[in-house]
>>> print(open('query_12.txt').read())   # compact mmCIF, C-alpha atoms and all ligand atoms
# COMPACT_ATOMS: atom_id res chain seq x y z
CA MET A 1 -25.50 -13.58 18.60
CA SER A 2 -24.11 -11.41 15.79
CA ALA A 3 -20.34 -11.22 15.28
CA PRO A 4 -18.63 -8.32 17.06
CA ARG A 5 -17.66 -5.32 14.96
CA LEU A 6 -14.16 -3.88 15.10
CA ARG A 7 -14.36 -0.40 16.63
CA LEU A 8 -11.98 1.67 14.53
CA GLY A 9 -10.59 5.21 14.78
CA VAL A 10 -8.83 6.91 11.86
CA ALA A 11 -5.78 9.16 12.17
CA GLY A 12 -5.28 11.13 8.94
CA LEU A 13 -8.13 11.75 6.49
CA GLY A 14 -6.07 12.33 3.32
CA ARG A 15 -5.55 10.39 0.10
CA ALA A 16 -4.79 7.03 1.75
CA PHE A 17 -7.98 7.25 3.81
CA THR A 18 -10.05 8.01 0.70
CA LEU A 19 -8.70 4.83 -0.92
CA MET A 20 -9.83 2.82 2.12
CA LEU A 21 -13.11 4.74 2.41
CA PRO A 22 -15.31 2.35 0.37
CA THR A 23 -13.92 -0.56 2.38
CA LEU A 24 -14.38 1.07 5.77
CA ALA A 25 -17.84 2.35 4.85
CA HIS A 26 -19.17 -0.98 3.57
CA ASP A 27 -17.41 -3.85 5.32
CA PRO A 28 -19.97 -4.94 7.94
CA ARG A 29 -17.19 -5.96 10.32
CA ILE A 30 -16.08 -2.34 10.80
CA GLN A 31 -17.66 0.29 13.04
CA LEU A 32 -16.09 3.73 12.61
CA ILE A 33 -16.01 5.43 16.00
CA SER A 34 -14.04 8.63 15.45
CA ALA A 35 -11.23 10.27 13.47
CA THR A 36 -8.75 13.09 13.63
CA ASP A 37 -7.08 15.38 11.11
CA PRO A 38 -5.82 18.97 11.40
CA GLN A 39 -7.96 19.81 8.34
CA PRO A 40 -11.38 20.95 9.62
CA LEU A 41 -13.06 20.27 6.26
CA ALA A 42 -11.95 16.63 6.35
CA CYS A 43 -13.25 16.20 9.89
CA ALA A 44 -16.55 17.85 9.01
CA GLN A 45 -16.96 15.47 6.04
CA PHE A 46 -16.21 12.45 8.24
CA GLU A 47 -18.79 13.59 10.79
CA ARG A 48 -21.39 14.03 8.02
CA ASP A 49 -20.57 10.72 6.36
CA PHE A 50 -20.52 8.58 9.50
CA GLY A 51 -22.60 10.48 12.05
CA VAL A 52 -19.82 10.40 14.66
CA ARG A 53 -17.65 13.07 16.32
CA CYS A 54 -14.01 13.72 15.39
CA VAL A 55 -11.44 14.53 18.06
CA ASP A 56 -8.71 17.15 17.88
CA SER A 57 -5.52 15.05 18.05
CA VAL A 58 -4.11 11.58 17.58
CA GLN A 59 -3.49 11.60 21.34
CA ALA A 60 -7.22 12.15 21.96
CA LEU A 61 -8.12 9.43 19.45
CA CYS A 62 -5.79 7.00 21.22
CA ALA A 63 -7.39 7.89 24.56
CA HIS A 64 -10.94 7.42 23.20
CA PRO A 65 -12.49 4.69 25.36
CA GLU A 66 -14.60 3.16 22.56
CA VAL A 67 -11.81 2.89 19.98
CA GLU A 68 -10.10 -0.50 19.98
CA ALA A 69 -7.94 -0.16 16.85
CA ILE A 70 -6.52 2.81 14.97
CA TYR A 71 -5.92 3.10 11.24
CA ILE A 72 -2.89 5.40 10.97
CA ALA A 73 -2.90 7.12 7.58
CA THR A 74 -0.78 10.15 8.43
CA PRO A 75 2.36 11.05 6.42
CA HIS A 76 5.19 8.46 6.65
CA GLN A 77 7.41 10.47 9.00
CA LEU A 78 4.65 10.58 11.66
CA HIS A 79 3.96 6.82 11.68
CA VAL A 80 6.46 5.98 14.42
CA ASP A 81 5.13 8.54 16.93
CA HIS A 82 1.53 7.70 16.17
CA VAL A 83 2.04 3.94 16.52
CA GLU A 84 3.87 4.44 19.82
CA MET A 85 1.02 6.65 21.05
CA ALA A 86 -1.61 4.08 20.09
CA ALA A 87 0.32 1.25 21.71
CA ALA A 88 0.80 3.26 24.91
CA HIS A 89 -3.01 3.43 25.12
CA GLY A 90 -3.36 -0.30 24.49
CA LYS A 91 -4.82 0.14 20.98
CA HIS A 92 -4.33 -2.18 18.02
CA VAL A 93 -2.87 -0.54 14.94
CA MET A 94 -3.05 -0.71 11.19
CA VAL A 95 -0.44 1.70 9.86
CA GLU A 96 -0.05 2.67 6.22
CA LYS A 97 2.95 1.72 4.15
CA PRO A 98 5.78 2.56 4.10
CA MET A 99 6.02 1.52 7.73
CA ALA A 100 8.63 4.20 8.52
CA LEU A 101 11.66 5.96 7.09
CA SER A 102 14.32 4.05 9.03
CA LEU A 103 14.81 0.56 10.41
CA GLU A 104 15.28 2.05 13.88
CA ASP A 105 11.79 3.54 13.71
CA CYS A 106 10.36 0.21 12.49
CA THR A 107 11.93 -1.51 15.49
CA ARG A 108 10.50 1.10 17.87
CA MET A 109 7.03 0.43 16.43
CA ILE A 110 7.41 -3.34 16.77
CA GLU A 111 8.66 -3.08 20.34
CA ALA A 112 5.94 -0.62 21.37
CA THR A 113 3.16 -2.94 20.22
CA GLN A 114 4.91 -6.00 21.66
CA ARG A 115 5.11 -4.26 25.06
CA ALA A 116 1.42 -3.39 24.80
CA GLY A 117 0.42 -6.84 23.56
CA THR A 118 -1.49 -5.24 20.67
CA VAL A 119 -1.70 -6.06 16.97
CA LEU A 120 0.55 -4.23 14.51
CA LEU A 121 -0.56 -4.63 10.90
CA VAL A 122 1.14 -2.69 8.10
CA GLY A 123 -1.00 -1.93 5.12
CA HIS A 124 -2.64 -1.56 2.79
CA SER A 125 -0.09 -2.84 0.32
CA HIS A 126 -0.92 -4.62 -2.92
CA SER A 127 0.32 -7.93 -1.56
CA PHE A 128 -3.10 -8.11 0.17
CA ASN A 129 -4.76 -8.38 -3.27
CA ALA A 130 -6.83 -11.53 -3.77
CA PRO A 131 -5.09 -12.58 -7.05
CA ILE A 132 -1.69 -12.29 -5.34
CA LEU A 133 -2.90 -14.34 -2.37
CA ARG A 134 -4.49 -16.94 -4.68
CA ALA A 135 -1.29 -17.33 -6.72
CA HIS A 136 0.76 -17.59 -3.53
CA GLN A 137 -1.60 -20.20 -2.07
CA ARG A 138 -1.41 -22.34 -5.22
CA ILE A 139 2.37 -22.12 -5.35
CA GLN A 140 2.54 -23.06 -1.66
CA SER A 141 0.50 -26.20 -2.42
CA GLY A 142 3.54 -27.46 -4.34
CA GLU A 143 1.69 -28.17 -7.61
CA PHE A 144 4.11 -26.10 -9.73
CA GLY A 145 7.42 -26.86 -8.01
CA ALA A 146 9.81 -24.24 -6.72
CA VAL A 147 9.65 -20.52 -7.50
CA ARG A 148 12.69 -19.71 -9.64
CA MET A 149 12.27 -16.18 -11.01
CA ILE A 150 9.91 -13.22 -10.58
CA GLN A 151 9.48 -10.26 -12.94
CA ALA A 152 7.52 -7.22 -11.75
CA LEU A 153 7.18 -3.88 -13.47
CA ASN A 154 4.95 -0.87 -13.31
CA TYR A 155 4.79 2.29 -15.45
CA THR A 156 2.67 5.11 -13.97
CA ASP A 157 2.51 8.92 -13.83
CA PHE A 158 3.15 8.82 -10.06
CA LEU A 159 5.66 11.66 -10.06
CA TYR A 160 3.29 14.03 -11.87
CA ARG A 161 0.39 13.75 -9.46
CA PRO A 162 0.05 16.82 -7.18
CA ARG A 163 2.31 16.42 -4.14
CA ARG A 164 3.11 17.95 -0.77
CA PRO A 165 6.71 19.35 -0.83
CA GLU A 166 8.08 16.54 1.38
CA GLU A 167 6.74 13.96 -1.08
CA LEU A 168 9.38 15.25 -3.51
CA ASP A 169 12.24 15.11 -0.97
CA THR A 170 13.83 11.69 -0.45
CA ALA A 171 15.23 12.67 2.99
CA GLN A 172 11.64 13.20 4.16
CA GLY A 173 10.36 9.98 2.62
CA GLY A 174 9.57 11.33 -0.83
CA GLY A 175 9.90 9.54 -4.14
CA VAL A 176 8.95 6.15 -5.48
CA ILE A 177 11.33 4.09 -3.33
CA PHE A 178 9.45 4.93 -0.14
CA SER A 179 5.95 5.21 -1.57
CA GLN A 180 5.78 2.64 -4.35
CA ALA A 181 8.54 0.07 -3.84
CA ALA A 182 6.80 -0.99 -0.62
CA HIS A 183 3.94 -2.43 -2.72
CA GLN A 184 6.15 -4.16 -5.26
CA LEU A 185 8.65 -5.52 -2.74
CA ASP A 186 5.91 -6.88 -0.47
CA ILE A 187 4.61 -8.81 -3.49
CA VAL A 188 7.91 -10.24 -4.73
CA ARG A 189 9.11 -11.04 -1.19
CA LEU A 190 5.92 -13.05 -0.67
CA PHE A 191 6.58 -15.15 -3.77
CA GLY A 192 10.35 -15.35 -3.31
CA GLY A 193 10.13 -16.69 0.25
CA GLY A 194 10.73 -13.40 2.05
CA LEU A 195 14.45 -13.71 2.74
CA VAL A 196 16.24 -11.26 0.42
CA THR A 197 19.98 -11.94 0.51
CA SER A 198 21.24 -9.40 -2.05
CA VAL A 199 20.10 -6.20 -3.73
CA MET A 200 21.73 -4.59 -6.75
CA ALA A 201 19.87 -1.50 -7.95
CA HIS A 202 19.83 1.64 -10.03
CA THR A 203 17.54 4.57 -9.33
CA GLY A 204 16.56 7.48 -11.57
CA ALA A 205 15.93 11.10 -10.58
CA TRP A 206 15.61 12.53 -14.08
CA ASP A 207 13.46 15.61 -13.56
CA PRO A 208 15.22 18.43 -11.65
CA THR A 209 11.87 20.14 -11.04
CA ARG A 210 10.80 17.07 -9.03
CA PRO A 211 14.08 16.27 -7.26
CA THR A 212 13.51 12.78 -5.91
CA GLU A 213 13.68 9.25 -7.28
CA GLY A 214 11.00 8.67 -9.87
CA ALA A 215 12.25 5.30 -11.10
CA TYR A 216 14.24 2.24 -10.09
CA SER A 217 15.31 -1.15 -11.33
CA ALA A 218 16.60 -3.73 -8.88
CA LEU A 219 17.74 -7.33 -8.96
CA LEU A 220 17.02 -9.24 -5.75
CA GLY A 221 18.47 -12.59 -4.73
CA PHE A 222 16.58 -14.80 -2.27
CA ALA A 223 17.73 -17.46 0.16
CA GLY A 224 17.02 -20.71 -1.67
CA GLY A 225 18.15 -19.40 -5.05
CA ALA A 226 15.13 -17.61 -6.52
CA PHE A 227 15.70 -14.14 -7.94
CA ALA A 228 13.49 -11.19 -8.85
CA SER A 229 13.73 -8.25 -11.19
CA VAL A 230 11.62 -5.26 -10.13
CA SER A 231 11.24 -2.05 -12.11
CA TYR A 232 9.10 1.01 -11.53
CA SER A 233 8.77 4.21 -13.51
CA GLY A 234 6.76 7.07 -12.06
CA TYR A 235 7.76 9.11 -15.13
CA GLY A 236 5.63 6.87 -17.31
CA HIS A 237 4.14 8.11 -20.55
CA PHE A 238 3.34 4.49 -21.28
CA ASP A 239 0.78 3.25 -18.75
CA SER A 240 1.39 -0.43 -17.98
CA ASP A 241 -2.26 -0.78 -16.90
CA GLN A 242 -2.78 -1.33 -20.64
CA TRP A 243 -1.14 -4.70 -20.08
CA MET A 244 -3.60 -5.39 -17.25
CA ASN A 245 -6.67 -5.33 -19.52
CA ASN A 246 -6.96 -1.54 -19.02
CA ILE A 247 -7.82 -2.08 -15.38
CA GLY A 248 -6.21 0.46 -13.05
CA GLU A 249 -4.42 -0.10 -9.77
CA LEU A 250 -7.69 0.31 -7.85
CA GLY A 251 -9.52 -2.25 -9.97
CA GLN A 252 -11.33 0.41 -12.01
CA HIS A 253 -11.75 0.47 -15.79
CA LYS A 254 -9.36 3.01 -17.31
CA ASP A 255 -10.59 5.29 -20.02
CA GLN A 256 -7.95 5.99 -22.68
CA ALA A 257 -9.46 9.48 -23.09
CA ASP A 258 -7.88 10.33 -19.70
CA TYR A 259 -4.40 9.88 -21.17
CA GLY A 260 -2.04 12.59 -19.81
CA ALA A 261 -4.56 13.92 -17.25
CA ALA A 262 -2.08 14.09 -14.33
CA ARG A 263 0.45 16.13 -16.28
CA ARG A 264 -2.28 18.44 -17.60
CA ARG A 265 -3.60 19.08 -14.09
CA LEU A 266 -0.12 19.72 -12.71
CA ALA A 267 0.51 22.35 -15.40
CA ASN A 268 -1.91 24.58 -13.42
CA ALA A 269 0.52 24.78 -10.47
CA VAL A 270 3.55 27.01 -10.94
CA ASN A 271 5.14 26.55 -7.49
CA ALA A 272 5.22 24.11 -4.56
CA GLU A 273 2.58 26.06 -2.65
CA GLN A 274 0.14 25.96 -5.54
CA GLU A 275 0.86 22.28 -6.07
CA ALA A 276 0.17 21.44 -2.40
CA ALA A 277 -3.05 23.48 -2.67
CA LEU A 278 -3.98 21.54 -5.82
CA LYS A 279 -3.56 18.27 -3.90
CA ALA A 280 -5.42 19.62 -0.86
CA ALA A 281 -8.33 20.88 -2.98
CA ARG A 282 -9.16 17.34 -4.08
CA ASN A 283 -8.77 15.82 -0.59
CA TYR A 284 -11.56 14.41 1.49
CA GLY A 285 -14.12 17.13 2.32
CA ALA A 286 -12.25 19.83 0.34
CA PRO A 287 -14.03 21.94 -2.30
CA GLN A 288 -13.12 19.63 -5.20
CA TRP A 289 -13.70 16.37 -3.28
CA ALA A 290 -15.62 14.26 -5.76
CA GLY A 291 -15.95 11.02 -3.83
CA ASN A 292 -18.77 9.66 -1.73
CA THR A 293 -19.52 6.69 0.47
CA ALA A 294 -21.73 4.89 -2.06
CA ALA A 295 -20.90 1.23 -2.64
CA PRO A 296 -18.55 1.03 -5.65
CA THR A 297 -19.67 -0.98 -8.67
CA GLY A 298 -17.99 -2.63 -11.63
CA LEU A 299 -14.62 -3.11 -9.96
CA GLN A 300 -12.16 -5.89 -10.63
CA HIS A 301 -9.33 -6.78 -8.26
CA GLN A 302 -6.62 -4.26 -7.48
CA HIS A 303 -3.11 -4.83 -8.82
CA PHE A 304 0.36 -3.32 -8.94
CA GLY A 305 1.33 -3.85 -12.55
CA PRO A 306 2.37 -6.79 -14.71
CA LEU A 307 3.91 -9.65 -12.77
CA VAL A 308 5.17 -13.10 -13.79
CA VAL A 309 6.15 -15.73 -11.24
CA SER A 310 8.11 -18.54 -12.87
CA CYS A 311 8.06 -21.92 -11.18
CA ASP A 312 9.50 -25.26 -12.33
CA ARG A 313 6.30 -26.33 -14.08
CA ALA A 314 4.35 -23.11 -14.69
CA ASP A 315 4.46 -19.35 -15.08
CA LEU A 316 1.78 -17.61 -13.01
CA ARG A 317 0.39 -14.14 -13.77
CA PRO A 318 -1.92 -12.53 -11.17
CA MET A 319 -4.41 -10.34 -13.08
CA PRO A 320 -7.41 -8.21 -12.05
CA HIS A 321 -9.86 -11.05 -12.85
CA GLY A 322 -7.86 -14.05 -11.68
CA VAL A 323 -4.55 -15.84 -12.09
CA TRP A 324 -3.29 -17.05 -15.46
CA VAL A 325 -1.44 -20.32 -15.07
CA ASP A 326 0.66 -21.27 -18.10
CA GLY A 327 1.65 -24.85 -17.36
CA ASP A 328 3.41 -27.66 -19.22
CA GLY A 329 0.28 -28.81 -21.07
CA ALA A 330 -2.26 -25.98 -20.83
CA SER A 331 -2.83 -22.31 -20.23
CA THR A 332 -5.70 -21.82 -17.77
CA LEU A 333 -7.34 -18.93 -15.96
CA ASP A 334 -8.00 -19.45 -12.27
CA ALA A 335 -10.89 -16.96 -12.30
CA LEU A 336 -11.79 -14.91 -9.24
CA GLU A 337 -15.19 -13.39 -8.60
CA SER A 338 -15.22 -9.60 -8.84
CA PRO A 339 -14.99 -7.95 -5.44
CA GLN A 340 -18.19 -6.44 -4.00
CA ILE A 341 -16.14 -4.28 -1.64
CA PRO A 342 -12.55 -3.34 -2.55
CA ARG A 343 -9.63 -4.18 -0.25
CA GLN A 344 -11.69 -6.51 1.93
CA GLU A 345 -8.60 -8.68 2.24
CA VAL A 346 -7.13 -5.93 4.44
CA ILE A 347 -10.08 -6.13 6.82
CA ASP A 348 -9.90 -9.95 6.76
CA GLU A 349 -6.39 -9.75 8.18
CA LEU A 350 -7.04 -6.89 10.60
CA TYR A 351 -10.32 -8.29 11.91
CA ASN A 352 -9.02 -11.83 12.35
CA ALA A 353 -5.95 -10.51 14.15
CA VAL A 354 -7.83 -8.28 16.60
CA ILE A 355 -10.98 -10.31 17.15
CA HIS A 356 -9.67 -13.87 16.73
CA ARG A 357 -5.99 -13.25 17.56
CA HIS A 358 -4.82 -14.85 14.31
CA PRO A 359 -1.17 -14.15 13.41
CA VAL A 360 -0.74 -11.57 10.64
CA LEU A 361 1.19 -11.92 7.39
CA HIS A 362 1.71 -8.15 7.12
CA SER A 363 3.27 -7.82 10.56
CA GLY A 364 5.73 -5.21 11.79
CA GLU A 365 8.57 -7.69 11.24
CA TRP A 366 7.40 -8.36 7.67
CA ALA A 367 7.13 -4.65 6.85
CA ARG A 368 10.50 -3.89 8.48
CA ALA A 369 12.05 -6.44 6.13
CA THR A 370 10.38 -4.75 3.15
CA THR A 371 11.59 -1.35 4.39
CA ALA A 372 15.10 -2.82 4.66
CA VAL A 373 14.98 -3.85 0.99
CA SER A 374 13.70 -0.37 -0.01
CA LEU A 375 16.60 1.22 1.87
CA ALA A 376 18.98 -1.29 0.28
CA ILE A 377 17.79 -0.14 -3.18
CA LEU A 378 18.71 3.44 -2.29
CA LYS A 379 22.06 2.39 -0.82
CA SER A 380 22.97 0.11 -3.70
CA ALA A 381 22.16 2.82 -6.25
CA GLN A 382 24.25 5.39 -4.36
CA SER A 383 27.24 3.10 -3.82
CA ALA A 384 27.06 1.03 -7.03
CA GLN A 385 27.57 -1.97 -4.74
CA MET A 386 25.52 -5.02 -3.91
CA VAL A 387 23.79 -4.57 -0.54
CA VAL A 388 22.65 -7.26 1.92
CA PRO A 389 19.42 -6.06 3.59
CA GLU A 390 18.91 -6.62 7.33
CA PHE A 391 15.99 -8.09 9.28
CA GLN A 392 14.68 -10.46 6.58
CA VAL A 393 11.85 -12.81 7.63
CA PRO A 394 9.83 -15.45 5.75
CA PRO A 395 6.06 -15.06 5.34
CA ILE A 396 3.92 -16.86 7.92
CA ARG A 397 2.21 -19.93 6.52
N1 LIG B 401 -1.85 1.98 0.51
C1 LIG B 401 -2.07 2.91 -0.39
O1 LIG B 401 -2.60 2.64 -1.48
C2 LIG B 401 -1.68 4.35 -0.09
C3 LIG B 401 -2.06 5.38 -0.96
C4 LIG B 401 -1.72 6.69 -0.64
C5 LIG B 401 -0.99 6.95 0.51
N2 LIG B 401 -0.60 5.93 1.32
C6 LIG B 401 0.18 6.19 2.54
O2 LIG B 401 -0.64 6.89 3.46
C7 LIG B 401 0.13 7.84 4.18
C8 LIG B 401 -0.49 9.23 3.98
O3 LIG B 401 -0.33 9.60 2.62
P1 LIG B 401 -1.45 10.43 1.84
O4 LIG B 401 -1.15 10.33 0.40
O5 LIG B 401 -2.81 10.05 2.34
O6 LIG B 401 -1.12 11.91 2.31
P2 LIG B 401 -2.14 13.10 2.38
O7 LIG B 401 -1.34 14.34 2.52
O8 LIG B 401 -3.15 13.02 1.31
O9 LIG B 401 -2.92 12.82 3.76
C9 LIG B 401 -2.31 12.85 5.01
C10 LIG B 401 -3.36 13.34 5.99
O10 LIG B 401 -2.80 13.30 7.30
C11 LIG B 401 -3.18 14.48 7.97
N3 LIG B 401 -2.28 14.75 9.06
C12 LIG B 401 -1.07 15.35 9.04
N4 LIG B 401 -0.58 15.42 10.30
C13 LIG B 401 -1.50 14.84 11.11
C14 LIG B 401 -1.57 14.63 12.51
N5 LIG B 401 -0.58 15.01 13.33
N6 LIG B 401 -2.67 14.02 13.01
C15 LIG B 401 -3.66 13.62 12.19
N7 LIG B 401 -3.66 13.82 10.86
C16 LIG B 401 -2.58 14.41 10.33
C17 LIG B 401 -3.16 15.57 6.89
O11 LIG B 401 -3.90 16.71 7.25
C18 LIG B 401 -3.75 14.81 5.72
O12 LIG B 401 -5.16 14.92 5.67
C19 LIG B 401 1.56 7.76 3.64
O13 LIG B 401 2.33 6.97 4.50
C20 LIG B 401 1.37 7.09 2.28
O14 LIG B 401 2.48 6.33 1.87
C21 LIG B 401 -0.95 4.64 1.05
>>> encode(input="query_12.txt", output="structure tokens", more="lines below")
Ligand SMILES: NC(=O)c1ccc[n+]([C@@H]2O[C@H](COP(=O)([O-])OP(=O)(O)OC[C@H]3O[C@@H](n4cnc5c(N)ncnc54)[C@H](O)[C@@H]3O)[C@@H](O)[C@H]2O)c1
Amino acid sequence: MSAPRLRLGVAGLGRAFTLMLPTLAHDPRIQLISATDPQPLACAQFERDFGVRCVDSVQALCAHPEVEAIYIATPHQLHVDHVEMAAAHGKHVMVEKPMALSLEDCTRMIEATQRAGTVLLVGHSHSFNAPILRAHQRIQSGEFGAVRMIQALNYTDFLYRPRRPEELDTAQGGGVIFSQAAHQLDIVRLFGGGLVTSVMAHTGAWDPTRPTEGAYSALLGFAGGAFASVSYSGYGHFDSDQWMNNIGELGQHKDQADYGAARRRLANAVNAEQEAALKAARNYGAPQWAGNTAAPTGLQHQHFGPLVVSCDRADLRPMPHGVWVDGDGASTLDALESPQIPRQEVIDELYNAVIHRHPVLHSGEWARATTAVSLAILKSAQSAQMVVPEFQVPPIR
């Protein structure tokens, strides 16, 4: 008998969905049943691509009798309502990062799925990446001794990609703390043991035309004594993917001829309306949609910028093609095979949770702890004080 497929519905067919599209289209464990989005062009594209019917609301998707799990890829501020809706209909959920904008909302989401007895997985985040998981697994084996220090940085043009107005308003979840720190903090919390005991941070909002945080630097202390330094610049002119063998965040080769492309494109939008239209025009099914469902080729593993994890007897560097281990006597590459389908690690966790009832690493509790550290970065920067984040949990083993 063949293995059961996970019957998935999708809420929100925007940018996040397009990043999961190759995975959802090609992982044989997934059967796409339906989707919903207020954008008719996106729904029409989904119906053409997958030969299924879209429904007209998240409520209707949750009530769909054939859907057993819902991938919620709507804007951050809608996550809490959509997760509660799914749970009320007994559906399992994978909700995009950041989990929510407040810890209260995270708790509501956890409690709703607990009441329903359904799975709550928060992702994708880059801590699902195979090189991160491999480095973590090797460190857990004890061969390198304790984790002592973690350095993570990332320089991108994040702030100059076309945005919806709320993506440039911190109160509505805009800026790099909500959208990007979730990736980096998930990664360093995994290596540091999860339990962040102190956060001291600075944030930067340097461009008044894009009035939200575009950069941060934070020092995190962990229970057990490890510490991490995390920095992100979404104002980057330098692109730190150069330090990742010119492999981009999505595992793709980066062409240096594309230097400055985001800023050049944005120069065509003179106001917020035009900018939102610029973003919408490239969305799934929109006139400038250039993607397709073909199997991607030539990819390496995804990453979230240069990272060094220092242990007693080695420094480990997860890279797009494996993990560099610089030990006492030798520097070796723990090579990983190139992925055939990107982000399959996300489906591994979702599928095993729903079908085999395995516990999840990227649980609601885990993501609430990451959200607490993100909020602590904002609070520490505003108050110039050290902040102790709430709700910290260790990773499951
Ligand atoms: N993991 C990743 O790599 C990644 C990348 C991008 C975005 N995200 C996350 O995904 C979420 C969405 O961001 P995005 O960049 O895709 O935004 P987006 O604007 O590109 O897409 C959001 C989509 O949701 C739809 N939508 C809005 N209200 C809806 C509703 N009530 N019901 C159904 N659909 C609705 C919109 O029409 C749009 O198509 C955010 O939380 C973001 O942080 C994650």
>>> axis_aligned_box(input="query_12.txt", around="ligand LIG 401 (chain B)", padding_each_side="8 Å", output="JSON")
{"center_x": -1.3, "center_y": 9.3, "center_z": 5.9, "size_x": 23.6, "size_y": 30.7, "size_z": 30.8}
>>> residues_near_ligand(input="query_12.txt", ligand="ligand LIG 401 (chain B)", cutoff="9 Å", atoms="only C-alpha atoms and all ligand atoms", output="ChimeraX atom specification")
/A:10-20,35-40,42,56-59,72-79,82,95-100,123-126,163-164,167,173,178-180,182-183,249-250,276,279-280,283-284
>>> residues_near_point(input="query_12.txt", point="(17.1, -18.8, -2.3)", cutoff="8 Å", atoms="all atoms listed in the file", output="list in words")
Gly192, Gly193, Leu195, Thr197, Gly221, Phe222, Ala223, Gly224, Gly225, Ala226 and Phe227 of chain A
>>> write_last_selection(input="query_12.txt", atoms="C-alpha atoms", output="PDB file, in the coordinates of the input")
ATOM      1  CA  GLY A 192      10.350 -15.350  -3.310  1.00  0.00           C
ATOM      2  CA  GLY A 193      10.130 -16.690   0.250  1.00  0.00           C
ATOM      3  CA  LEU A 195      14.450 -13.710   2.740  1.00  0.00           C
ATOM      4  CA  THR A 197      19.980 -11.940   0.510  1.00  0.00           C
ATOM      5  CA  GLY A 221      18.470 -12.590  -4.730  1.00  0.00           C
ATOM      6  CA  PHE A 222      16.580 -14.800  -2.270  1.00  0.00           C
ATOM      7  CA  ALA A 223      17.730 -17.460   0.160  1.00  0.00           C
ATOM      8  CA  GLY A 224      17.020 -20.710  -1.670  1.00  0.00           C
ATOM      9  CA  GLY A 225      18.150 -19.400  -5.050  1.00  0.00           C
ATOM     10  CA  ALA A 226      15.130 -17.610  -6.520  1.00  0.00           C
ATOM     11  CA  PHE A 227      15.700 -14.140  -7.940  1.00  0.00           C
TER      12      PHE A 227
END
>>> atom_distance(input="query_12.txt", atom1="CA of Phe391 (chain A)", atom2="CA of Ala152 (chain A)")
22.7 Å
>>> atom_distance(input="query_12.txt", atom1="CA of Ala372 (chain A)", atom2="CA of Arg138 (chain A)")
27.4 Å
>>> closest_atom_pairs(input="query_12.txt", of="region 173-248 of chain A", to="region 317-335 of chain A", cutoff="12 Å", atoms="all atoms listed in the file", output="Markdown table")
| residue | atom | partner | partner_atom | distance |
| --- | --- | --- | --- | --- |
| A:Ile187 | CA | A:Pro318 | CA | 10.7 |
| A:Val188 | CA | A:Pro318 | CA | 12.0 |
| A:Phe191 | CA | A:Pro318 | CA | 11.6 |
| A:Asp241 | CA | A:Pro320 | CA | 10.3 |
| A:Gln242 | CA | A:Met319 | CA | 11.9 |
| A:Trp243 | CA | A:Met319 | CA | 9.6 |
| A:Met244 | CA | A:Met319 | CA | 6.5 |
| A:Asn245 | CA | A:Pro320 | CA | 8.0 |
| A:Asn246 | CA | A:Pro320 | CA | 9.7 |
| A:Ile247 | CA | A:Pro320 | CA | 7.0 |
| A:Gly248 | CA | A:Pro320 | CA | 8.8 |
>>> write_last_selection(input="query_12.txt", atoms="C-alpha atoms", output="short mmCIF file (atom, residue, chain, number, x, y, z; two decimals), keeping the file's coordinate frame")
data_model
loop_
_atom_site.label_atom_id
_atom_site.label_comp_id
_atom_site.auth_asym_id
_atom_site.auth_seq_id
_atom_site.Cartn_x
_atom_site.Cartn_y
_atom_site.Cartn_z
CA ILE A 187 4.61 -8.81 -3.49
CA VAL A 188 7.91 -10.24 -4.73
CA PHE A 191 6.58 -15.15 -3.77
CA ASP A 241 -2.26 -0.78 -16.90
CA GLN A 242 -2.78 -1.33 -20.64
CA TRP A 243 -1.14 -4.70 -20.08
CA MET A 244 -3.60 -5.39 -17.25
CA ASN A 245 -6.67 -5.33 -19.52
CA ASN A 246 -6.96 -1.54 -19.02
CA ILE A 247 -7.82 -2.08 -15.38
CA GLY A 248 -6.21 0.46 -13.05
#
>>> closest_residue(input="query_12.txt", among="A:Val67, A:Ala294, A:Leu159, A:Val122", to="Asp49 (chain A)", atoms="only C-alpha atoms")
A:Ala294
>>> residues_near_point(input="query_12.txt", point="(-1.4, -6.4, 13.9)", cutoff="9 Å", atoms="all atoms listed in the file", output="PyMOL selection string")
chain A and resi 92-94+113+118-122+349-350+353-354+359-364
>>> write_last_selection(input="query_12.txt", atoms="C-alpha atoms", output="compact mmCIF listing (two decimals), in the frame of the given file")
# COMPACT_ATOMS: atom_id res chain seq x y z
CA HIS A 92 -4.33 -2.18 18.02
CA VAL A 93 -2.87 -0.54 14.94
CA MET A 94 -3.05 -0.71 11.19
CA THR A 113 3.16 -2.94 20.22
CA THR A 118 -1.49 -5.24 20.67
CA VAL A 119 -1.70 -6.06 16.97
CA LEU A 120 0.55 -4.23 14.51
CA LEU A 121 -0.56 -4.63 10.90
CA VAL A 122 1.14 -2.69 8.10
CA GLU A 349 -6.39 -9.75 8.18
CA LEU A 350 -7.04 -6.89 10.60
CA ALA A 353 -5.95 -10.51 14.15
CA VAL A 354 -7.83 -8.28 16.60
CA PRO A 359 -1.17 -14.15 13.41
CA VAL A 360 -0.74 -11.57 10.64
CA LEU A 361 1.19 -11.92 7.39
CA HIS A 362 1.71 -8.15 7.12
CA SER A 363 3.27 -7.82 10.56
CA GLY A 364 5.73 -5.21 11.79
>>> residues_around(input="query_12.txt", residues="Met109 (chain A)", least_positions_apart="3", cutoff="7 Å", atoms="all atoms listed in the file", output="list in words")
Val80, Val83, Glu84, Asp105, Cys106, Ala112 and Thr113 of chain A
>>> residues_around(input="query_12.txt", residues="Asp27 (chain A)", least_positions_apart="2", cutoff="10 Å", atoms="all atoms listed in the file", output="ChimeraX atom specification")
/A:5,22-25,29-31,340-344,347-348
